[in-house]
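Engineer: Have a look at the structure that comes next, please.
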Amino acid sequence: MVSILRNATLVQVAEQAKVSPSTVSRYLNRGSVSRESCQRIEAAIKDLNYQPNAIARSLRGSKTYTVGFVIPDISNPFFTEIIKATGTILKEKGYSIMIYSVLEDLKLERIYIKNIMERRIDGLFITSTSDTFAREYETIDENIPVIQLDRVISPIISSVRTDNKTGAMQAVSHLLNQGRRHIAMIAGPQQYTPGRERYEGYLKALSLFNIPADERLIGFGDFSRESGYRCMMTIMETDAAIDAVFVGNNFMGVGAIQALRHLGKNIPDDLALIMFDDMNLADMTDPPITVVEQNHGEIGRAIASLFLQRTEGEICNTAREMVIPPRLIIRKSG
């Protein structure tokens with residue numbers, strides 16, 4: 001029988017539970033801890049009669065009712081719509097939102113991480129520019145909830161994103177079912193989850209129709225309009241037959257459309273086009289653009305739900321991955 005220690009320390013709890021002190025701290029602050037570790041920590045706390053320092057817990061537990069978003073670009077409607085949806089729910093709980101737009105700048109993101117850690121906020125929602133910052137965000141998650149949005153850089157932090165692979169497969173399969181057989185793709189950066197998964201979906205759809213991928217028809221951009229234009233021009237300079245193009249996001253899609261118009265190509269007669277992400281007026285262009293629509297509202301609600309579960313729940317939480325289905329909206333471009 002384990003003897004009861006009236007003044008047991010957090011370190012003693014960690015030793016008995018066979019976990020690190022930081023894991024015990026994360027558990028006490030309702031951070032992400034595996035279910036097995038939770039059970040061992042709970043048993044150790046009970047056996048040792050561990051009583052957390054009330055003053056320290058009070059300081060850690062005091063709320064500022066402020067959360068932060070770290071995103072690549074505030075001008076991208078994908079992020080603004082999600083922030084709006086998340087904020088609508090959290091506003092009812094009394095929270096305000098700070099927004100850090102890092103412009104895909106590693107140095108700027110590091111500055112913001114330092115700024116965030118110095119401020120007392122209650123939660124952080126991130127779309128990181130690099131997995132370089134995984135450990136920093138994991139450390140923050142030990143004390144306050146961190147939720148990854150769109151890009152996943154750490155498997156031990158909760159995340160919310162679109163089902164990118166399925167959305168891409170739906171788009172390319174739609175083109176294939178129309179009889180298109182020479183389908184180009186302008187993909188996003190492969191170091192980012194959406195860029196990589198949408199490219200995988202494109203390749204998977206081709207393989208299901210027994211069509212080999214043609215490297216001449218594939219370009220890799222950086223999610224910007226300029227890269228979409230550049231990739232489309234490069235693809236069109238090849239001698240490959242092209243009857244359709246799938247573009248990995250809306251900004252690159254706009255660039256691709258500009259390139260095709262520059263070349264005098266007619267959409268969809270000469271070349272069909274589908275892009276990932278809807279955008280303002282996409283249904284009013286000539287022709288209206290077929291898109292894979294991300295459910296901004298559902299993504300925002302999922303972020304708010306995960307955050308509130310962490311801050312208001314009384315149960316031990318593990319990292320959760322929420323993948324939101326997209327929707328193919330068929331218009332006249334493809």
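Residues in the structure tokens are numbered from 1 in each chain, the chains being A, B, ... in the order shown, and ligands are numbered from 1 in the order shown.
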Within 8 Å of Val13 (chain A), counting only C-alpha atoms, which residues qualify if same-chain residues fewer than 3 places away don't, as a VMD selection string?

Structural biologist: chain A and resid 8 to 10 16 to 17 21 24 41 44 to 45 48 50

Engineer: Can you list, as a compact mmCIF listing (two decimals) with all heavy atoms, in the first residue's frame, all residues belonging to region 4-209 of chain A that DSSP tags as strand (DSSP E)?

Structural biologist:
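Written file, states19.txt:
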```txt
# COMPACT_ATOMS: atom_id res chain seq x y z
N THR A 66 -9.30 36.93 -23.64
CA THR A 66 -8.71 37.32 -24.92
C THR A 66 -8.09 36.09 -25.58
O THR A 66 -7.44 35.30 -24.90
CB THR A 66 -7.61 38.39 -24.72
OG1 THR A 66 -8.16 39.51 -24.04
CG2 THR A 66 -7.06 38.84 -26.07
N VAL A 67 -8.33 35.91 -26.87
CA VAL A 67 -7.70 34.84 -27.63
C VAL A 67 -6.98 35.47 -28.82
O VAL A 67 -7.27 36.60 -29.22
CB VAL A 67 -8.72 33.80 -28.12
CG1 VAL A 67 -9.37 33.09 -26.93
CG2 VAL A 67 -9.78 34.43 -29.01
N GLY A 68 -6.04 34.73 -29.39
CA GLY A 68 -5.26 35.25 -30.51
C GLY A 68 -5.27 34.33 -31.72
O GLY A 68 -5.29 33.11 -31.57
N PHE A 69 -5.28 34.92 -32.91
CA PHE A 69 -5.11 34.20 -34.17
C PHE A 69 -3.75 34.56 -34.75
O PHE A 69 -3.41 35.75 -34.85
CB PHE A 69 -6.18 34.59 -35.19
CG PHE A 69 -7.45 33.78 -35.13
CD1 PHE A 69 -8.50 34.20 -34.33
CD2 PHE A 69 -7.60 32.64 -35.89
CE1 PHE A 69 -9.68 33.47 -34.27
CE2 PHE A 69 -8.78 31.90 -35.84
CZ PHE A 69 -9.82 32.32 -35.03
N VAL A 70 -2.95 33.57 -35.13
CA VAL A 70 -1.72 33.79 -35.90
C VAL A 70 -1.98 33.21 -37.28
O VAL A 70 -2.12 32.00 -37.44
CB VAL A 70 -0.51 33.11 -35.25
CG1 VAL A 70 0.72 33.23 -36.15
CG2 VAL A 70 -0.20 33.74 -33.89
N ILE A 71 -2.07 34.08 -38.30
CA ILE A 71 -2.44 33.65 -39.65
C ILE A 71 -1.45 34.20 -40.66
O ILE A 71 -0.76 35.19 -40.40
CB ILE A 71 -3.87 34.08 -40.01
CG1 ILE A 71 -3.98 35.61 -39.92
CG2 ILE A 71 -4.89 33.39 -39.10
CD1 ILE A 71 -5.31 36.14 -40.41
N SER A 96 -12.61 38.59 -26.54
CA SER A 96 -12.20 39.44 -27.65
C SER A 96 -11.05 38.75 -28.36
O SER A 96 -10.41 37.84 -27.82
CB SER A 96 -11.76 40.82 -27.15
OG SER A 96 -10.67 40.70 -26.25
N ILE A 97 -10.77 39.19 -29.60
CA ILE A 97 -9.79 38.50 -30.46
C ILE A 97 -8.69 39.45 -30.88
O ILE A 97 -8.94 40.58 -31.31
CB ILE A 97 -10.48 37.91 -31.70
CG1 ILE A 97 -11.41 36.75 -31.29
CG2 ILE A 97 -9.46 37.42 -32.72
CD1 ILE A 97 -12.19 36.17 -32.45
N MET A 98 -7.43 38.97 -30.76
CA MET A 98 -6.27 39.65 -31.34
C MET A 98 -5.84 38.88 -32.58
O MET A 98 -5.87 37.64 -32.58
CB MET A 98 -5.12 39.70 -30.34
CG MET A 98 -5.40 40.53 -29.11
SD MET A 98 -3.89 40.77 -28.10
CE MET A 98 -3.42 39.08 -27.78
N ILE A 99 -5.46 39.59 -33.63
CA ILE A 99 -5.07 38.97 -34.89
C ILE A 99 -3.63 39.33 -35.23
O ILE A 99 -3.27 40.52 -35.27
CB ILE A 99 -6.00 39.38 -36.04
CG1 ILE A 99 -7.46 39.02 -35.71
CG2 ILE A 99 -5.57 38.73 -37.35
CD1 ILE A 99 -8.46 39.58 -36.69
N TYR A 100 -2.80 38.32 -35.48
CA TYR A 100 -1.41 38.51 -35.88
C TYR A 100 -1.27 37.99 -37.31
O TYR A 100 -1.37 36.79 -37.55
CB TYR A 100 -0.46 37.75 -34.96
CG TYR A 100 -0.51 38.17 -33.52
CD1 TYR A 100 -1.48 37.68 -32.65
CD2 TYR A 100 0.43 39.06 -33.01
CE1 TYR A 100 -1.52 38.07 -31.31
CE2 TYR A 100 0.40 39.45 -31.67
CZ TYR A 100 -0.58 38.95 -30.83
OH TYR A 100 -0.61 39.33 -29.52
N SER A 101 -1.05 38.88 -38.27
CA SER A 101 -0.87 38.49 -39.67
C SER A 101 0.62 38.48 -39.98
O SER A 101 1.27 39.54 -40.01
CB SER A 101 -1.60 39.49 -40.58
OG SER A 101 -1.49 39.10 -41.94
N GLY A 123 -6.23 31.63 -25.14
CA GLY A 123 -6.18 30.62 -26.18
C GLY A 123 -5.51 31.16 -27.43
O GLY A 123 -5.47 32.37 -27.64
N LEU A 124 -4.97 30.25 -28.25
CA LEU A 124 -4.24 30.65 -29.44
C LEU A 124 -4.61 29.74 -30.59
O LEU A 124 -4.57 28.52 -30.47
CB LEU A 124 -2.73 30.58 -29.17
CG LEU A 124 -1.81 31.03 -30.30
CD1 LEU A 124 -2.04 32.49 -30.65
CD2 LEU A 124 -0.35 30.81 -29.90
N PHE A 125 -4.96 30.33 -31.73
CA PHE A 125 -5.35 29.59 -32.93
C PHE A 125 -4.35 29.94 -34.03
O PHE A 125 -4.21 31.10 -34.41
CB PHE A 125 -6.78 29.95 -33.34
CG PHE A 125 -7.73 30.00 -32.18
CD1 PHE A 125 -8.65 31.03 -32.04
CD2 PHE A 125 -7.72 29.02 -31.19
CE1 PHE A 125 -9.52 31.09 -30.97
CE2 PHE A 125 -8.58 29.06 -30.11
CZ PHE A 125 -9.49 30.10 -30.00
N ILE A 126 -3.66 28.94 -34.57
CA ILE A 126 -2.49 29.21 -35.40
C ILE A 126 -2.57 28.58 -36.79
O ILE A 126 -3.09 27.49 -36.98
CB ILE A 126 -1.20 28.70 -34.72
CG1 ILE A 126 -1.25 27.17 -34.53
CG2 ILE A 126 -0.98 29.40 -33.40
CD1 ILE A 126 0.08 26.55 -34.18
N VAL A 146 -4.06 25.59 -27.55
CA VAL A 146 -3.60 25.97 -28.88
C VAL A 146 -4.31 25.08 -29.88
O VAL A 146 -4.39 23.87 -29.70
CB VAL A 146 -2.07 25.81 -29.02
CG1 VAL A 146 -1.62 26.12 -30.45
CG2 VAL A 146 -1.34 26.72 -28.04
N ILE A 147 -4.85 25.69 -30.94
CA ILE A 147 -5.54 24.93 -31.98
C ILE A 147 -4.94 25.30 -33.33
O ILE A 147 -4.84 26.47 -33.67
CB ILE A 147 -7.05 25.21 -31.97
CG1 ILE A 147 -7.66 24.78 -30.63
CG2 ILE A 147 -7.74 24.47 -33.12
CD1 ILE A 147 -9.09 25.23 -30.43
N GLN A 148 -4.54 24.29 -34.08
CA GLN A 148 -3.97 24.51 -35.41
C GLN A 148 -5.09 24.66 -36.44
O GLN A 148 -6.01 23.84 -36.48
CB GLN A 148 -3.07 23.34 -35.80
CG GLN A 148 -1.91 23.12 -34.84
CD GLN A 148 -1.14 21.85 -35.13
OE1 GLN A 148 -0.08 21.86 -35.74
NE2 GLN A 148 -1.67 20.72 -34.68
N LEU A 149 -4.99 25.67 -37.27
CA LEU A 149 -5.97 25.94 -38.31
C LEU A 149 -5.34 25.75 -39.68
O LEU A 149 -4.33 26.39 -39.99
CB LEU A 149 -6.49 27.38 -38.16
CG LEU A 149 -7.23 27.99 -39.36
CD1 LEU A 149 -8.48 27.19 -39.71
CD2 LEU A 149 -7.57 29.45 -39.09
N SER A 158 -4.26 20.01 -30.95
CA SER A 158 -5.53 19.87 -31.67
C SER A 158 -5.51 20.67 -32.96
O SER A 158 -4.83 21.70 -33.07
CB SER A 158 -6.69 20.33 -30.79
OG SER A 158 -6.88 19.46 -29.70
N SER A 159 -6.27 20.21 -33.95
CA SER A 159 -6.28 20.88 -35.25
C SER A 159 -7.65 20.82 -35.89
O SER A 159 -8.45 19.91 -35.65
CB SER A 159 -5.25 20.23 -36.19
OG SER A 159 -5.59 18.87 -36.43
N VAL A 160 -7.91 21.83 -36.75
CA VAL A 160 -9.13 21.89 -37.55
C VAL A 160 -8.72 22.25 -38.97
O VAL A 160 -7.99 23.22 -39.18
CB VAL A 160 -10.12 22.95 -37.01
CG1 VAL A 160 -11.38 22.97 -37.88
CG2 VAL A 160 -10.47 22.70 -35.56
N ARG A 161 -9.19 21.47 -39.93
CA ARG A 161 -8.88 21.79 -41.32
C ARG A 161 -9.94 21.18 -42.24
O ARG A 161 -10.72 20.33 -41.82
CB ARG A 161 -7.49 21.28 -41.71
CG ARG A 161 -7.37 19.77 -41.86
CD ARG A 161 -5.94 19.37 -42.22
NE ARG A 161 -5.82 17.99 -42.64
CZ ARG A 161 -5.74 16.95 -41.81
NH1 ARG A 161 -5.81 17.15 -40.50
NH2 ARG A 161 -5.62 15.71 -42.28
N THR A 162 -9.91 21.61 -43.48
CA THR A 162 -10.79 21.05 -44.50
C THR A 162 -10.26 19.69 -44.95
O THR A 162 -9.06 19.43 -44.90
CB THR A 162 -10.85 22.01 -45.70
OG1 THR A 162 -11.48 23.23 -45.29
CG2 THR A 162 -11.63 21.42 -46.86
N ILE A 183 -5.39 16.86 -67.67
CA ILE A 183 -5.72 17.84 -66.63
C ILE A 183 -4.45 18.31 -65.94
O ILE A 183 -3.73 17.51 -65.32
CB ILE A 183 -6.70 17.24 -65.60
CG1 ILE A 183 -7.97 16.74 -66.31
CG2 ILE A 183 -7.04 18.26 -64.53
CD1 ILE A 183 -8.90 15.97 -65.42
N ALA A 184 -4.19 19.59 -66.05
CA ALA A 184 -3.04 20.18 -65.36
C ALA A 184 -3.41 20.51 -63.93
O ALA A 184 -4.59 20.57 -63.57
CB ALA A 184 -2.60 21.45 -66.10
N MET A 185 -2.38 20.72 -63.09
CA MET A 185 -2.62 21.20 -61.74
C MET A 185 -1.58 22.24 -61.35
O MET A 185 -0.39 22.06 -61.60
CB MET A 185 -2.61 20.09 -60.69
CG MET A 185 -2.86 20.67 -59.30
SD MET A 185 -3.02 19.49 -57.96
CE MET A 185 -3.50 20.64 -56.63
N ILE A 186 -2.07 23.32 -60.73
CA ILE A 186 -1.20 24.29 -60.08
C ILE A 186 -1.37 24.06 -58.58
O ILE A 186 -2.41 24.38 -58.01
CB ILE A 186 -1.55 25.73 -60.46
CG1 ILE A 186 -1.42 25.91 -61.98
CG2 ILE A 186 -0.64 26.71 -59.72
CD1 ILE A 186 -1.86 27.27 -62.48
N ALA A 187 -0.37 23.43 -57.98
CA ALA A 187 -0.45 23.03 -56.57
C ALA A 187 0.22 24.07 -55.69
O ALA A 187 1.06 24.85 -56.13
CB ALA A 187 0.23 21.67 -56.37
```

Engineer: What is the CA of Thr285 (chain A) to CA of Gln190 (chain A) distance in Å?

Structural biologist: 29.5 Å

Engineer: Quick one: everything within 10 Å of Gly300 (chain A), counting only C-alpha atoms, minus sequence neighbours fewer than 5 positions away in the same chain. Send it as a ChimeraX atom specification.

Structural biologist: /A:79,81-89,149,160-161,295,305

Engineer: Selection from above, C-alpha atoms, as a tab-separated table (two decimals), in the first residue's frame, can you write it?

Structural biologist:
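The file below, selection35.tsv, is the result:
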```
chain	number	residue	atom	x	y	z
A	79	PHE	CA	-9.06	33.45	-42.77
A	81	GLU	CA	-14.44	34.39	-42.64
A	82	ILE	CA	-13.18	31.80	-40.15
A	83	ILE	CA	-12.19	34.49	-37.66
A	84	LYS	CA	-15.65	35.99	-38.04
A	85	ALA	CA	-17.35	32.63	-37.40
A	86	THR	CA	-15.15	31.84	-34.40
A	87	GLY	CA	-15.56	35.33	-32.99
A	88	THR	CA	-19.34	35.22	-33.23
A	89	ILE	CA	-19.43	32.28	-30.81
A	149	LEU	CA	-5.97	25.94	-38.31
A	160	VAL	CA	-9.13	21.89	-37.55
A	161	ARG	CA	-8.88	21.79	-41.32
A	295	ASN	CA	-17.07	25.58	-44.99
A	305	SER	CA	-15.96	24.34	-29.69
```

Engineer: List the spatial neighbours of Arg225 (chain A) as a list of chain:residue names - criterion: any atom at most 9 Å away, only C-alpha atoms, same-chain residues fewer than 5 positions off excluded.

Structural biologist: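 The contact residues come out as A:Arg230, A:Asn250, A:Phe251, A:Met252, A:Gly253, A:Val254, A:Gly255, A:Ala256.
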
Engineer: Of the residues A:Ala14, A:Val19, A:Leu217, A:Ile303, which is the one nearest to Glu237 (chain A), using only C-alpha atoms?

Structural biologist: A:Leu217

Engineer: Distance table requested - region 182-252 of chain A against region 166-170 of chain A, cut-off 8 Å, only C-alpha atoms: one row per qualifying residue with the closest atom pair and its distance in Å to one decimal, ordered by chain and rising residue number, as a Markdown table.

Structural biologist:
```
| residue | atom | partner | partner_atom | distance |
| --- | --- | --- | --- | --- |
| A:Arg198 | CA | A:Ala168 | CA | 5.3 |
| A:Tyr199 | CA | A:Ala168 | CA | 7.5 |
| A:Gly201 | CA | A:Met169 | CA | 4.7 |
| A:Tyr202 | CA | A:Met169 | CA | 5.7 |
| A:Lys204 | CA | A:Met169 | CA | 6.7 |
| A:Ala205 | CA | A:Met169 | CA | 5.1 |
```

Engineer: Give me the residues within 12 Å of region 180-182 of chain A as a count of residues only, counting only C-alpha atoms and dropping any in the same chain fewer than 6 places off.

Structural biologist: 33

Engineer: Could you pull out the alpha helix (DSSP H) residues of region 230-328 of chain A, going by DSSP on the backbone, and write them as a ChimeraX atom specification?

Structural biologist: /A:230-236,250-262,296-312

Engineer: Which is closer to Ile330 (chain A) than all the others in A:Gly297, A:Pro194, A:Pro288, A:Gly179, using only C-alpha atoms?

Structural biologist: A:Pro288

Engineer: Would you mind telling me which residue in A:Cys231, A:Thr290, A:Lys93, A:Glu138 lies nearest to Ile329 (chain A) when using only C-alpha atoms?

Structural biologist: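 When distances to Ile329 (chain A) are compared using only C-alpha atoms, the smallest one comes from A:Thr290.
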
Engineer: Take CA of Thr129 (chain A) and CA of Leu308 (chain A) and report the distance between them in Å, one decimal.

Structural biologist: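 Interatomic distance, CA of Thr129 (chain A) to CA of Leu308 (chain A): 25.4 Å.
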
Engineer: Under the rule that only C-alpha atoms are counted, which of A:Ile289, A:Leu260, A:Ile324, A:Cys38 is the nearest residue to Asp150 (chain A)?

Structural biologist: A:Ile324

Engineer: With only C-alpha atoms as the basis for distance, which of A:Ala43, A:Ile274, A:Ala134, A:Leu108 is at the shortest distance from Ile157 (chain A)?

Structural biologist: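 Counting only C-alpha atoms, the residue closest to Ile157 (chain A) is A:Ala134.
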
Engineer: What is the distance, in Å and to one decimal place, between CA of Gly248 (chain A) and CA of Phe223 (chain A)?

Structural biologist: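 Answer for the CA of Gly248 (chain A) to CA of Phe223 (chain A) separation: 7.5 Å.
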